[in-house]
Each structure stands twice: as structure tokens, then as C-alpha cells.
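What follows is a set of notes on a single structure, which appears directly below.
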Amino acid sequence: MPKPILTIKNLTKTYGQNVIFQHLDLTVNEGDTIVIIGPSGTGKSTLLRCINLLTRPNEGQIWLDDLEITAKGTDEDKVRQHIGMVFQNFLLFNHLTALGNVKLGLTRVKHMSDEAATEKAVRELSRVGLADRANHYPGQLSGGQKQRVALARALVNAPSVLLLDEPLGALDLKLRRAMQLELKALQQQVGITFVYVTHDQEEALTMSDRIAVMSNGRILQVDTPMMIYE
């Protein structure tokens, strides 16, 4: 029996009179990759930001396992130790090397020693095939390499859930297709739950165990890729 790791109930987000989404329900099972697909402006990215507590919903609840993370007084930093996020534009620190970017959270948030953080960060960079670029700065890396650094930075904290907001959108088509397969293989290898946002139908079918179709601020259908396709 699949075990829910992320449960969203009756979630609503508005900015003034502008309704981004309303009354959303979604259950994500442990170890799955669920892809949220829909046109631009339908609230996909805002939903991810609500899950990561970067934005607070107006109504509704989100549970991570048995913890309601939207409850008043929730320790946001503690929650983010269990929920990682990869952004479309990577958001790397240009003054830090690839290694510096990956280990920053370990030393600043988890207060690990520099030696222990370096060892862990190097291991994660190796996992994404970038050990030989550890001492390169973002300006010295290609788009695909920056994407791998951002992924390693998210994975190094061993989150239970990884949110990916159009993570391949900045890459060219050939590299995007190659990275889709690599990301899927990596997800199966590490066993982390992926919640993946895209507007690309082919990417959704390639990456997903289940697809949530979102339009005009509502989730219209959640099913397997084959059922959605048919």
C-alpha cells in the first residue's frame, strides 16, 4: 500500500482579488515522481512555493507525513531540512565555487564542520557527475552543469521531498532530453519523492509516475501517464 508523504487539502492562494488557485487537493506518495503540468500562469510554481513555505496559503492545510507544516508557529527552517527545492534559474551564488554552493547549507543551517560538509558535498557532486568541476565558479560552468550543481545542493541535505520548478526550462532541447533521463534515474537511485512542475507534455510523460493536470487554478485530473495520455 503506497504511503502518502505529502497531503494537500483545500489549499487556496490569492493576492488581493487575484485568485491563483483555490480548493486544491493533492496526495503525493513516498518515492513517487508526480509531475504537475499546465499552462503558464495557472499557479504551478506558487503551489511549490506554498509547499516549501516560501509563500503562505490563504486557506487549507499541507501535511508532511503526520506534521501539518501550514500550522501556526511551524519552524520553517526545520521543514526546509526535509523539503528541498530546485529553481528554473538555479539561483547559485556566483561568488562561491560549485563545492561552496553545495556545502553552504550544511555549514550554515546544519552547523556541520567544514571538513564534514566538504566530504559530503564532494560525494554529492560526484553523484551528479561534477566532481571534476568542484572548484569552478558558476560563470565557468555550462547551463547543464549549473543545473547539476543546483540539484546536488538540494540533494546534499537528503530531503524527504524534492520540489523541482521547471528545472530544465533553461536548457536546450537536446540537453533537456538527456537530463530528463538522468534525473529520472537519479530519483530512482536515491528514492526521494519528486514534485516536478513543467508545461512540457513530453517531459511530463517521461518523468512521471503520476501526472496532475492543472488549469485556471484547479487540478482537473490526477492519474498515470498512460491514462492521461489516452
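We label chains A, B, ... in the order they appear in the C-alpha cells, count residues from 1 in each chain, and number ligands from 1 in the order shown.
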
* Long-range neighbours of Phe194 of chain A as a ChimeraX atom specification, 8 Å cut-off, only C-alpha atoms, 5 positions minimum in chain -> /A:31-34,161-164,187

* **Shell of 12 Å around Val195 of chain A, only C-alpha atoms, local chain residues under 3 positions omitted, as number ranges by chain** => A: 5-6, 26-37, 44-45, 47-49, 51-52, 83-86, 160-167, 187, 192, 198, 204, 207-212

Could you write out that same residue set with N, CA and C atoms as a tab-separated table (two decimals), in the first residue's frame?
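Result file selection22.tsv:
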chain	number	residue	atom	x	y	z
A	5	ILE	N	3.26	10.87	1.58
A	5	ILE	CA	4.29	11.66	2.28
A	5	ILE	C	3.91	13.14	2.29
A	6	LEU	N	3.11	13.55	1.31
A	6	LEU	CA	2.69	14.95	1.21
A	6	LEU	C	1.19	14.97	0.93
A	26	LEU	N	-4.40	17.34	-3.15
A	26	LEU	CA	-3.39	16.51	-3.83
A	26	LEU	C	-2.69	15.65	-2.80
A	27	THR	N	-2.52	14.36	-3.14
A	27	THR	CA	-1.76	13.45	-2.29
A	27	THR	C	-0.58	12.92	-3.08
A	28	VAL	N	0.61	13.01	-2.48
A	28	VAL	CA	1.84	12.53	-3.12
A	28	VAL	C	2.38	11.37	-2.30
A	29	ASN	N	2.61	10.24	-2.95
A	29	ASN	CA	3.09	9.05	-2.26
A	29	ASN	C	4.61	9.02	-2.17
A	30	GLU	N	5.09	8.41	-1.10
A	30	GLU	CA	6.52	8.31	-0.85
A	30	GLU	C	7.23	7.61	-2.00
A	31	GLY	N	8.33	8.21	-2.48
A	31	GLY	CA	9.14	7.61	-3.52
A	31	GLY	C	8.66	7.84	-4.94
A	32	ASP	N	7.51	8.51	-5.09
A	32	ASP	CA	6.95	8.77	-6.43
A	32	ASP	C	7.53	10.03	-7.05
A	33	THR	N	7.43	10.12	-8.36
A	33	THR	CA	7.61	11.39	-9.06
A	33	THR	C	6.24	11.80	-9.58
A	34	ILE	N	5.69	12.86	-9.01
A	34	ILE	CA	4.43	13.40	-9.52
A	34	ILE	C	4.75	14.68	-10.27
A	35	VAL	N	4.28	14.76	-11.51
A	35	VAL	CA	4.53	15.93	-12.35
A	35	VAL	C	3.26	16.76	-12.42
A	36	ILE	N	3.39	18.05	-12.11
A	36	ILE	CA	2.26	18.98	-12.21
A	36	ILE	C	2.43	19.73	-13.53
A	37	ILE	N	1.47	19.53	-14.42
A	37	ILE	CA	1.57	20.12	-15.76
A	37	ILE	C	0.41	21.06	-16.00
A	44	LYS	N	1.15	26.75	-10.82
A	44	LYS	CA	2.02	25.61	-10.53
A	44	LYS	C	3.18	25.99	-9.62
A	45	SER	N	3.90	27.04	-9.99
A	45	SER	CA	5.06	27.47	-9.21
A	45	SER	C	4.65	27.99	-7.84
A	47	LEU	N	2.16	26.95	-6.11
A	47	LEU	CA	1.87	25.76	-5.31
A	47	LEU	C	3.16	25.20	-4.70
A	48	LEU	N	4.23	25.12	-5.49
A	48	LEU	CA	5.51	24.64	-4.95
A	48	LEU	C	6.01	25.56	-3.85
A	49	ARG	N	5.87	26.86	-4.05
A	49	ARG	CA	6.33	27.82	-3.05
A	49	ARG	C	5.53	27.71	-1.75
A	51	ILE	N	4.26	24.81	-0.68
A	51	ILE	CA	4.73	23.56	-0.07
A	51	ILE	C	6.04	23.80	0.68
A	52	ASN	N	6.89	24.67	0.12
A	52	ASN	CA	8.19	24.95	0.75
A	52	ASN	C	8.12	26.11	1.74
A	83	ILE	N	12.36	19.34	2.96
A	83	ILE	CA	11.81	19.65	1.64
A	83	ILE	C	12.83	20.51	0.89
A	84	GLY	N	13.44	19.94	-0.15
A	84	GLY	CA	14.41	20.68	-0.97
A	84	GLY	C	13.72	21.31	-2.17
A	85	MET	N	14.41	22.25	-2.81
A	85	MET	CA	13.82	22.90	-3.98
A	85	MET	C	14.89	23.25	-5.00
A	86	VAL	N	14.59	22.98	-6.28
A	86	VAL	CA	15.46	23.35	-7.39
A	86	VAL	C	14.66	24.30	-8.27
A	160	SER	N	13.25	14.62	2.25
A	160	SER	CA	12.24	13.59	2.01
A	160	SER	C	11.52	13.86	0.68
A	161	VAL	N	11.35	15.17	0.38
A	161	VAL	CA	10.65	15.58	-0.83
A	161	VAL	C	11.49	16.64	-1.54
A	162	LEU	N	11.62	16.49	-2.86
A	162	LEU	CA	12.34	17.49	-3.65
A	162	LEU	C	11.37	18.13	-4.63
A	163	LEU	N	11.25	19.46	-4.54
A	163	LEU	CA	10.39	20.24	-5.44
A	163	LEU	C	11.24	20.77	-6.58
A	164	LEU	N	10.80	20.55	-7.81
A	164	LEU	CA	11.57	20.99	-8.98
A	164	LEU	C	10.67	21.87	-9.85
A	165	ASP	N	11.02	23.15	-9.93
A	165	ASP	CA	10.21	24.13	-10.65
A	165	ASP	C	10.80	24.38	-12.03
A	166	GLU	N	10.25	23.71	-13.06
A	166	GLU	CA	10.77	23.83	-14.43
A	166	GLU	C	12.30	23.73	-14.44
A	167	PRO	N	12.89	22.70	-13.84
A	167	PRO	CA	14.34	22.68	-13.64
A	167	PRO	C	15.15	22.58	-14.93
A	187	GLN	N	16.50	9.88	-9.39
A	187	GLN	CA	15.37	9.79	-8.44
A	187	GLN	C	15.15	8.35	-8.00
A	192	ILE	N	14.14	9.55	-3.38
A	192	ILE	CA	13.47	10.76	-2.86
A	192	ILE	C	12.20	11.01	-3.68
A	198	THR	N	6.19	21.36	-14.78
A	198	THR	CA	6.58	21.65	-16.16
A	198	THR	C	5.34	22.03	-16.96
A	204	ALA	N	6.64	15.67	-19.06
A	204	ALA	CA	5.74	15.12	-18.04
A	204	ALA	C	5.59	13.62	-18.21
A	207	MET	N	9.00	11.81	-17.20
A	207	MET	CA	9.48	11.90	-15.82
A	207	MET	C	8.57	11.24	-14.79
A	208	SER	N	7.27	11.13	-15.09
A	208	SER	CA	6.29	10.93	-14.02
A	208	SER	C	5.94	9.48	-13.71
A	209	ASP	N	5.58	9.26	-12.44
A	209	ASP	CA	4.80	8.09	-12.05
A	209	ASP	C	3.31	8.43	-12.13
A	210	ARG	N	3.00	9.68	-11.75
A	210	ARG	CA	1.64	10.20	-11.88
A	210	ARG	C	1.74	11.65	-12.37
A	211	ILE	N	0.68	12.08	-13.04
A	211	ILE	CA	0.60	13.45	-13.56
A	211	ILE	C	-0.63	14.12	-12.96
A	212	ALA	N	-0.44	15.37	-12.49
A	212	ALA	CA	-1.56	16.20	-12.07
A	212	ALA	C	-1.73	17.30	-13.10

* Name the residues of segment 46-95 of chain A that come out as helix (DSSP H, G or I) in a backbone DSSP run; write them as a count of residues only. => 11

* Residues at most 12 Å from Ser142 of chain A, counting only C-alpha atoms, excluding those fewer than 3 positions away in the same chain, as a ChimeraX atom specification? -> /A:90,98,130,133,136-139,145-149,170-172,175

With all heavy atoms retained, export the selected residues as a short mmCIF file (atom, residue, chain, number, x, y, z; two decimals), in the first residue's frame.
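File written: selection.cif
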data_model
loop_
_atom_site.label_atom_id
_atom_site.label_comp_id
_atom_site.auth_asym_id
_atom_site.auth_seq_id
_atom_site.Cartn_x
_atom_site.Cartn_y
_atom_site.Cartn_z
N PHE A 90 18.22 28.28 -11.29
CA PHE A 90 19.29 27.69 -10.47
C PHE A 90 19.60 28.45 -9.18
O PHE A 90 19.87 27.84 -8.15
CB PHE A 90 20.59 27.50 -11.28
CG PHE A 90 20.38 26.91 -12.64
CD1 PHE A 90 20.96 27.48 -13.76
CD2 PHE A 90 19.58 25.79 -12.82
CE1 PHE A 90 20.76 26.94 -15.03
CE2 PHE A 90 19.36 25.24 -14.08
CZ PHE A 90 19.97 25.82 -15.19
N ALA A 98 31.36 25.65 -7.16
CA ALA A 98 30.33 24.60 -7.13
C ALA A 98 30.33 23.93 -5.76
O ALA A 98 29.27 23.73 -5.16
CB ALA A 98 30.60 23.58 -8.24
N LEU A 130 29.90 15.75 -11.40
CA LEU A 130 30.59 17.05 -11.45
C LEU A 130 31.78 17.14 -10.50
O LEU A 130 32.18 18.25 -10.15
CB LEU A 130 29.60 18.18 -11.12
CG LEU A 130 28.82 18.80 -12.28
CD1 LEU A 130 28.05 19.99 -11.78
CD2 LEU A 130 29.73 19.20 -13.43
N ARG A 133 34.48 19.45 -11.46
CA ARG A 133 34.15 20.89 -11.57
C ARG A 133 33.92 21.51 -10.19
O ARG A 133 33.41 22.61 -10.08
CB ARG A 133 32.88 21.08 -12.41
CG ARG A 133 33.03 20.69 -13.88
CD ARG A 133 33.90 21.70 -14.63
NE ARG A 133 33.93 21.46 -16.06
CZ ARG A 133 34.78 20.64 -16.66
NH1 ARG A 133 35.64 19.95 -15.93
NH2 ARG A 133 34.77 20.51 -17.97
N HIS A 136 35.15 25.07 -9.73
CA HIS A 136 34.77 26.05 -10.74
C HIS A 136 33.63 26.92 -10.21
O HIS A 136 32.77 26.46 -9.47
CB HIS A 136 34.30 25.34 -12.02
CG HIS A 136 35.40 24.74 -12.82
ND1 HIS A 136 36.26 23.77 -12.33
CD2 HIS A 136 35.80 24.97 -14.11
CE1 HIS A 136 37.13 23.42 -13.26
NE2 HIS A 136 36.86 24.13 -14.35
N TYR A 137 33.64 28.19 -10.63
CA TYR A 137 32.57 29.12 -10.26
C TYR A 137 31.42 29.01 -11.27
O TYR A 137 31.64 28.55 -12.41
CB TYR A 137 33.11 30.55 -10.21
CG TYR A 137 34.04 30.79 -9.05
CD1 TYR A 137 35.41 30.54 -9.17
CD2 TYR A 137 33.55 31.24 -7.82
CE1 TYR A 137 36.27 30.72 -8.10
CE2 TYR A 137 34.40 31.44 -6.75
CZ TYR A 137 35.75 31.17 -6.89
OH TYR A 137 36.59 31.34 -5.81
N PRO A 138 30.20 29.42 -10.90
CA PRO A 138 29.07 29.33 -11.82
C PRO A 138 29.34 29.94 -13.20
O PRO A 138 28.89 29.40 -14.21
CB PRO A 138 27.96 30.08 -11.08
CG PRO A 138 28.25 29.81 -9.64
CD PRO A 138 29.77 29.85 -9.54
N GLY A 139 30.08 31.05 -13.23
CA GLY A 139 30.39 31.69 -14.50
C GLY A 139 31.27 30.84 -15.41
O GLY A 139 31.38 31.11 -16.61
N GLN A 145 25.67 22.07 -16.40
CA GLN A 145 26.50 21.90 -15.20
C GLN A 145 25.94 22.71 -14.03
O GLN A 145 25.92 22.23 -12.89
CB GLN A 145 27.95 22.32 -15.51
CG GLN A 145 28.66 21.33 -16.42
CD GLN A 145 29.97 21.86 -16.95
OE1 GLN A 145 30.23 23.08 -16.96
NE2 GLN A 145 30.82 20.97 -17.41
N LYS A 146 25.45 23.91 -14.30
CA LYS A 146 24.81 24.70 -13.23
C LYS A 146 23.60 23.98 -12.68
O LYS A 146 23.35 23.97 -11.47
CB LYS A 146 24.38 26.09 -13.77
CG LYS A 146 25.53 27.04 -14.07
CD LYS A 146 24.97 28.32 -14.65
CE LYS A 146 26.10 29.22 -15.14
NZ LYS A 146 25.57 30.42 -15.82
N GLN A 147 22.83 23.36 -13.58
CA GLN A 147 21.64 22.63 -13.16
C GLN A 147 22.03 21.47 -12.24
O GLN A 147 21.37 21.20 -11.25
CB GLN A 147 20.90 22.10 -14.40
CG GLN A 147 19.46 21.69 -14.15
CD GLN A 147 19.34 20.22 -13.81
OE1 GLN A 147 20.29 19.47 -13.92
NE2 GLN A 147 18.17 19.82 -13.38
N ARG A 148 23.14 20.81 -12.54
CA ARG A 148 23.61 19.69 -11.71
C ARG A 148 24.08 20.19 -10.34
O ARG A 148 23.87 19.52 -9.32
CB ARG A 148 24.75 18.96 -12.40
CG ARG A 148 24.32 18.16 -13.62
CD ARG A 148 25.55 17.76 -14.44
NE ARG A 148 25.18 17.30 -15.74
CZ ARG A 148 25.19 16.02 -16.12
NH1 ARG A 148 25.53 15.09 -15.27
NH2 ARG A 148 24.85 15.68 -17.35
N VAL A 149 24.72 21.36 -10.31
CA VAL A 149 25.14 21.93 -9.02
C VAL A 149 23.91 22.24 -8.16
O VAL A 149 23.87 21.93 -6.97
CB VAL A 149 25.99 23.21 -9.22
CG1 VAL A 149 26.28 23.88 -7.88
CG2 VAL A 149 27.29 22.89 -9.93
N ALA A 170 15.70 26.09 -18.77
CA ALA A 170 16.73 26.99 -19.30
C ALA A 170 17.71 26.26 -20.23
O ALA A 170 18.63 26.88 -20.76
CB ALA A 170 17.50 27.61 -18.14
N LEU A 171 17.52 24.96 -20.43
CA LEU A 171 18.46 24.17 -21.23
C LEU A 171 17.94 23.99 -22.65
O LEU A 171 16.74 24.04 -22.90
CB LEU A 171 18.66 22.79 -20.59
CG LEU A 171 19.04 22.79 -19.09
CD1 LEU A 171 19.24 21.36 -18.62
CD2 LEU A 171 20.28 23.62 -18.84
N ASP A 172 18.87 23.74 -23.61
CA ASP A 172 18.43 23.49 -24.97
C ASP A 172 17.80 22.10 -25.07
O ASP A 172 17.95 21.26 -24.17
CB ASP A 172 19.58 23.66 -25.97
CG ASP A 172 20.69 22.64 -25.76
OD1 ASP A 172 20.41 21.42 -25.80
OD2 ASP A 172 21.84 23.05 -25.57
N LEU A 175 19.95 18.78 -24.60
CA LEU A 175 20.42 18.61 -23.22
C LEU A 175 19.24 18.35 -22.28
O LEU A 175 19.35 17.56 -21.33
CB LEU A 175 21.18 19.88 -22.78
CG LEU A 175 21.81 19.86 -21.39
CD1 LEU A 175 22.75 18.66 -21.22
CD2 LEU A 175 22.57 21.16 -21.13
#

* To do: Compile the contact shell of Trp63 of chain A as a PyMOL selection string: residues with an atom at most 7 Å away, counting only C-alpha atoms, same-chain residues fewer than 6 positions apart removed.
  => chain A and resi 6-8+69

Just write the chosen residues, N, CA and C atoms, as a JSON list (two decimals), in the first residue's frame.
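Done, and the output landed in again.json:
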[["chain", "number", "residue", "atom", "x", "y", "z"],
["A", 6, "LEU", "N", 3.11, 13.55, 1.31],
["A", 6, "LEU", "CA", 2.69, 14.95, 1.21],
["A", 6, "LEU", "C", 1.19, 14.97, 0.93],
["A", 7, "THR", "N", 0.44, 15.65, 1.79],
["A", 7, "THR", "CA", -1.01, 15.72, 1.63],
["A", 7, "THR", "C", -1.45, 17.17, 1.64],
["A", 8, "ILE", "N", -2.14, 17.57, 0.58],
["A", 8, "ILE", "CA", -2.61, 18.96, 0.43],
["A", 8, "ILE", "C", -4.14, 18.93, 0.43],
["A", 69, "ILE", "N", 2.48, 21.28, 8.22],
["A", 69, "ILE", "CA", 3.52, 22.30, 8.11],
["A", 69, "ILE", "C", 2.94, 23.70, 7.92]]
